[in-house]
Every structure is written in structure tokens, then in C-alpha cells.
Amino acid sequence: MTPELKGFILLSVIKMVLVFTVLMVGVALLTLMERKVSAWMQNRRGPNRVGWAGLLQPAADGVKNILKEETYPGLASPWLFVLAPALSFIPALLLFGVIPFAAPLPVEFDVTVRFSFLGLFPIDLGRWAHHGLMPMVVADLPIGFLFVLAISSMGVYGIALAGWSSNSKYALLGGLRASAQMISYEVAMGLSLIPVLLLSGNVSFSAIIRDQQAGLWYVLPLFLSFFIFLISGFAETNRLPFDLPEAESELIAGYHTEYSAMKFSFFFIAEYANVVTVCAMVTTLFFGGWDIPGRWDEQGGVLQTLATGGFFFLKVMFWIFFVMWIRWTLPRFRYDQLMALGWKVLMPLALAYIMVICTAIYGIEHVAGIVDPKLRSLALFGVNVVVGLLIFGLLDSGVFIKGSNRPQQTSKALAKRATVTG
Amino acid sequence: MAIGVKVLERPRREVSYVRATLKGMALTFRHMFEPKVTMQYPEQKSTTEWSISQRWRGTHRMLTDEQGRSKCVACGLCPQICPANCIKLVPGEDEAGNRYPLIYEIDEFRCVFCGYCQEVCPEEAIHVGVHFENSEYSRGRFVYDLERLHSQTHAVSTLWDPSDPRGE
């Protein structure tokens, strides 16, 4: 192994440990944040007994979950029953590996590691070196974006298998709903991201962030994409108003009805890890990732990495808060409304939007001949204002989503039928 | 599709989705900064808005006279009227011919806290109390004997007064 490869592996391991720790501790604290935000929105105080202001509540919950009895339903399929929590947990963690969380950090070292215990057993680890910028992402995959789409779809296996292997009707219904829902919204989610690719011309997250730094944050030139992605993100993470797989008033607890103790906890961790990942994706794709508006964040250096990391954290926290905010604002969808929204509204909307953006980009770059990224983004923003007003006007007047899919029985239609039959 | 749901025709402003969502979000956000209604229970047992009613019927008290003896004359009305049959009374009589309870036990698990014992008592001896913190480490401790009923110190219930039905 060359010293550079060894240095790369060392740094990657450090980044992995860092990201894993931050994510797991963050997820634990998110359960507290969720309960606190829920409480505040209902004029309550939330957990405030364990530790200062309830900060140790996640630790207490964790200890409780580890010490509780693991129950296995008699007729459950034992292997899949144990495998399912892991299957939903691993993709949730994997996804965070490709999201850049700060500006690249300049790391320079070239050391030879050689030591021995008491003069015996000399250990020679050779030269370790790293030169230049270290991207602040565990794996800066050139196909980062496709990786996310591929892995995020795998989360549904965990849920579907959990529902099936429990051998319980409610769990099975929850698993079925989860598979149908996640497959439906996967389509809209994938389609909503195509405009991002069209605009950036690249599938790597780092390139997408660079493009947003040069131009505008994509939320402005691709507002509808952001809107569709956000809705599908809610559906993908099974959060309210799309929490049908675990709708407690209908299915007890849905797919994890039969789970107890730490296995149940794993589903919980997976759900929150997915929320974090979707929020990080929204931030990265539409809100400039770690980008701080203005020129300041292009000077490089340790300070810049820290500042951009903090800014990324703030943006992600805002979206996590937004998810919780929506949870207490919107009631749950009915199942047919959920499917109708996914297939009849979001998918055609995303397809039409791709056409509009294609045409607009062609017009701007080839007909009008604008190549400056900032001007190009502004021109697209203009297109979006027009399209957005139109779409939201129609959405607001109830043209897309209705109470039911059945055509409305208006008095006029009834009178017409009466004349036809009579 | 298969679900036949009756849909009412409503005016535009009532079927608005975007405006309704934004309005709902503003509402939930506003609630975050409103004063909290939670009562911090073990530290705080009553607030200006809420305190336990004087007519609350909780665990019993037996009142005593000036000499510290039970006011009970063992007339037997309370075990007679008790709908849950939770009062055990064995009467005794001293040399002067005064009746007193040899055994007086109330099983608080059986009790339905109707307050009839207090209403029926001619000596105003047995009372239900304004009290709700009754936890114990064993089930046996829930059978209150005479000594226990004497040693309770909480306020006694005023019960419902027909001349003051709202308790004002």
C-alpha cells in the first residue's frame, strides 16, 4: 500500500466514526426533540425529569429498551423476524455516507509510524501521508445521487419483511401499505430529481453543491422539484401525514406491532435516521448543502470547514423541525387519497415539470445564449414563478386533490341522468 | 376508487389546500410560544386554575372525640348501607354501657367511594377524605384498621350539599 492510500483509509475511518457517532447521538436526541416539539405545540412541557430539561431522557429510554424482554411471536418466521430491523436500519445509516457535510478541509501530513512496547515487539506501520483537500464526506462517490436513490428504496424491504414475518394481520397490513406507498412515491421522488441533474449536469453531490455555489440555490430555479421531493420525502420516511404503515388508530402499530425492546428501537432509530437523511438531501440538493451565501465560504481553511459544517447542521435542523411541525399540522391521508396523490398528481406533475425545465434550459442556453450560472438560474427562477403560481392556484382550488376519486354527483349530473333514463 | 365517499360541494375557499395548510402551520407554530398548561405534579399540587374539590371522596378518616376515642358508636349503619360491602364492624360495649367498635376495618380496594357511610353516620364519625395519594408496597396495607383511620390527617369531604348544588 502506498502512503497516500494508507492516509486515505485512515482519514476515511475517522470520518466514518465521526459521522456514525454524530448520527446515532443525533438520532437519540431527535427522539427527545420530537417529544419536546410535540409538547410545545400542544401547550405542554414535554419530558423534563431525567437530567437537565430532560436531556438524559434518550439515555433512559435506551437503557429501558435494552433491559426489556425480547418477545418472539410463536408463529413468526424467526430468521426474517430478526433480520428485518437490521434491514431497515442499515440503509438508513448507509445513506448518510455520501452526503457532504462541510467544505473540504486541507489536510497535510506525512509521518512514519514506528513504535515498540518496552523495546520488544517493534511494530512498523510505515509511512502514512495525505496531501491536499479532504472532502468532508465519508465516500465522495461520483454517482452519489444514484446511490441514494438505490439504497433508499431498500429500506422498504425491512418494513415489508417485518410485516410479513410477524405473522400478524395488522403487521402484514402495515407492511403491505409501506411497500405500496414507498414504491409509489419512489417514482415521484426520482422524477422530481431529474431537473436537478439537468441543471447541474452531474450526479455527484459535491458537483451539485459547487454548481449551487456558482449560481443560485436550486430551491429558486427548481422550486417545484423541491416541493415534490419534500412531499415524497415525507412519504418515504413514513412520517405524518403519510404514516399509514404504522397508523396507530387503524393498525395498532403497523409493521412493528409484534416487536419489542431493542428490535423495536431499531425501527425507531431507522425512522429518525431516514428523517435526518431526507432533510440532509433537501439541504444538499436544494439549499446549497454546506454553502453559506456570499463569497466568504470560498477562502478555504479549517475555519471555513467548521463554519460551513455548522451552517449545514443548522439547515438540516430546520428541516427536521419542519418535519415535526408538519406532523402536528396535517392529519393523516386516507389510503386512496395517498395513492391518488402519488400517482395522479405528483408523478404527472414531475413529468410535466421535467418537460418545462428541459425547454426552459434549452431556451436559455441555446436560444437566448445565457451561460453565466447566476443569470441562468435567475431566468429559470422567472419560469418557476409563473409555473408555481399556476400550479399552486390549481392546487389551492382543489383541482388536483379531491375528497374522493369518485366523480362528484352534482345536481346537474343527476338531472341529466334522470332525463336519459326517463 | 372503490371507496364510495359522499363528497359535498363546497365553495372554493373551503376546499383550499394550500391556504389551509399554511394557516394550520401558523397555528401550530403560534402554540409553541403560548404559556404551558402542564402542572408539575409532585412539586405542585394545586394552582390558581385548579385545585382538588372539597367534595372529593377519597380514602376514609375516622374522627375522634376530645379524649382521643373514636366517635363511632358501632351502630352498624355504615356496613349496612355500604354498597360494596367493604366495612367490617364488630361492636363492643364497656361497663357503662357505651358501645364502641372492637374491630372497624375498611377494605379500600373494595370501596367504591360513594360516601354513603359518611352520609348515614349519626355521630359524624366516619368520613371520606379529600385525598388521592394512596400508594402502598403491599395489598394488605389497603385494609385500613381503626388505628389507621384515626391517624389520617387529611381534610374530610363536604359531600354534595343539596342547598348548594354547585358548591359555591
# chains A, B, ... in the order shown; residues from 1 in each chain; ligands from 1

$ select_by_dssp --residues "chain B" --states "helix (DSSP H, G or I)" --output "ChimeraX atom specification"
/B:12-15,18-31,77-81,116-120,139-142,146-151

$ residues_around --residues "B:Val112" --least-positions-apart "6" --cutoff "10 Å" --atoms "only C-alpha atoms" --output "PyMOL selection string"
chain B and resi 57-58+82-86

$ write_last_selection --atoms "C-alpha atoms" --output "PDB file, in the first residue's frame"
ATOM      1  CA  ARG B  57     -64.472  11.450  48.056  1.00  0.00           C
ATOM      2  CA  GLY B  58     -61.176   9.726  48.786  1.00  0.00           C
ATOM      3  CA  CYS B  82     -72.239   0.132  52.095  1.00  0.00           C
ATOM      4  CA  PRO B  83     -72.988  -0.974  48.504  1.00  0.00           C
ATOM      5  CA  ALA B  84     -69.561  -2.582  48.126  1.00  0.00           C
ATOM      6  CA  ASN B  85     -69.726  -4.392  51.445  1.00  0.00           C
ATOM      7  CA  CYS B  86     -66.238  -3.208  52.372  1.00  0.00           C
TER       8      CYS B  86
END

$ residues_around --residues "B:Thr158" --least-positions-apart "5" --cutoff "9 Å" --atoms "only C-alpha atoms" --output "ChimeraX atom specification"
/B:54-57,128-130

$ residues_around --residues "stretch 60-77 of chain A" --least-positions-apart "5" --cutoff "8 Å" --atoms "only C-alpha atoms" --output "list in words"
Val50, Ser165, Ser166, Asn167, Glu258, Tyr259, Ser260, Ala261, Met262, Lys263 and Ser265 of chain A

$ closest_residue --among "A:Thr257, A:Asn43, A:Ser38, A:Ser249" --to "chain B" --atoms "only C-alpha atoms"
A:Asn43

$ residues_around --residues "A:Asn384" --least-positions-apart "5" --cutoff "8 Å" --atoms "only C-alpha atoms" --output "compact mmCIF listing (two decimals) with N, CA and C atoms, in the first residue's frame"
# COMPACT_ATOMS: atom_id res chain seq x y z
N LEU A 220 -34.68 27.97 -5.70
CA LEU A 220 -35.28 29.03 -6.51
C LEU A 220 -35.50 28.61 -7.95
N PRO A 221 -34.46 28.18 -8.67
CA PRO A 221 -34.75 27.81 -10.07
C PRO A 221 -35.53 26.51 -10.22
N LEU A 222 -35.60 25.66 -9.19
CA LEU A 222 -36.31 24.38 -9.32
C LEU A 222 -37.30 24.21 -8.19
N PHE A 223 -38.14 25.22 -8.00
CA PHE A 223 -38.99 25.20 -6.81
C PHE A 223 -39.93 24.00 -6.77
N LEU A 224 -40.52 23.68 -7.92
CA LEU A 224 -41.50 22.58 -7.92
C LEU A 224 -40.83 21.24 -7.63

$ select_by_dssp --residues "chain B" --states "strand (DSSP E)" --output "list in words"
Gly58, Thr59, His60, Arg61, Met62, Ile87, Lys88, Leu89, Val90, Pro91, Gly92, Glu93, Arg99, Tyr100, Pro101, Leu102, Ile103, Tyr104, Glu105, Ile106, Asp107, Ile126, His127, Val128, Gly129, Val143 and Tyr144 of chain B

$ write_last_selection --atoms "C-alpha atoms" --output "PDB file, in the first residue's frame"
ATOM      1  CA  GLY B  58     -61.176   9.726  48.786  1.00  0.00           C
ATOM      2  CA  THR B  59     -59.816   7.335  51.427  1.00  0.00           C
ATOM      3  CA  HIS B  60     -61.572   7.406  54.774  1.00  0.00           C
ATOM      4  CA  ARG B  61     -60.962   9.092  58.112  1.00  0.00           C
ATOM      5  CA  MET B  62     -62.488   8.253  61.471  1.00  0.00           C
ATOM      6  CA  ILE B  87     -66.740  -2.258  56.019  1.00  0.00           C
ATOM      7  CA  LYS B  88     -66.188  -4.863  58.722  1.00  0.00           C
ATOM      8  CA  LEU B  89     -67.581  -3.862  62.106  1.00  0.00           C
ATOM      9  CA  VAL B  90     -67.565  -5.883  65.343  1.00  0.00           C
ATOM     10  CA  PRO B  91     -69.302  -3.916  68.098  1.00  0.00           C
ATOM     11  CA  GLY B  92     -68.318  -3.971  71.750  1.00  0.00           C
ATOM     12  CA  GLU B  93     -69.767  -2.466  74.940  1.00  0.00           C
ATOM     13  CA  ARG B  99     -70.999   0.900  72.536  1.00  0.00           C
ATOM     14  CA  TYR B 100     -67.742   1.172  70.667  1.00  0.00           C
ATOM     15  CA  PRO B 101     -66.174  -0.686  67.719  1.00  0.00           C
ATOM     16  CA  LEU B 102     -63.975  -3.621  68.694  1.00  0.00           C
ATOM     17  CA  ILE B 103     -62.936  -4.075  65.068  1.00  0.00           C
ATOM     18  CA  TYR B 104     -63.539  -1.487  62.399  1.00  0.00           C
ATOM     19  CA  GLU B 105     -61.878  -2.214  59.052  1.00  0.00           C
ATOM     20  CA  ILE B 106     -62.424  -0.711  55.626  1.00  0.00           C
ATOM     21  CA  ASP B 107     -61.102  -2.520  52.573  1.00  0.00           C
ATOM     22  CA  ILE B 126     -66.635   8.041  59.575  1.00  0.00           C
ATOM     23  CA  HIS B 127     -65.791  10.376  56.687  1.00  0.00           C
ATOM     24  CA  VAL B 128     -64.476  10.098  53.177  1.00  0.00           C
ATOM     25  CA  GLY B 129     -61.417  12.311  52.734  1.00  0.00           C
ATOM     26  CA  VAL B 143     -57.307  -2.706  54.554  1.00  0.00           C
ATOM     27  CA  TYR B 144     -57.456   0.285  56.900  1.00  0.00           C
TER      28      TYR B 144
END

$ closest_residue --among "B:Met39, B:Lys23, B:Glu123, B:Thr28" --to "chain A" --atoms "only C-alpha atoms"
B:Thr28

$ residues_around --residues "A:Arg44" --least-positions-apart "3" --cutoff "9 Å" --atoms "only C-alpha atoms" --output "list of chain:residue names"
A:Lys36, A:Ser38, A:Ala39, A:Trp40, A:Met41, B:Met32, B:Pro35, B:Lys36, B:Val37, B:Thr38

$ closest_residue --among "A:Lys169, A:Arg45, A:Arg332, A:Arg327" --to "chain B" --atoms "only C-alpha atoms"
A:Arg45

$ atom_distance --atom1 "atom CA of A:Ile159" --atom2 "atom CA of A:Leu23"
21.0 Å

$ atom_distance --atom1 "atom CA of A:Tyr185" --atom2 "atom CA of A:Ala379"
29.5 Å

$ residues_around --residues "A:Glu236" --least-positions-apart "6" --cutoff "8 Å" --atoms "only C-alpha atoms" --output "MDAnalysis selection string"
chainID A and resid 181:182 185:186
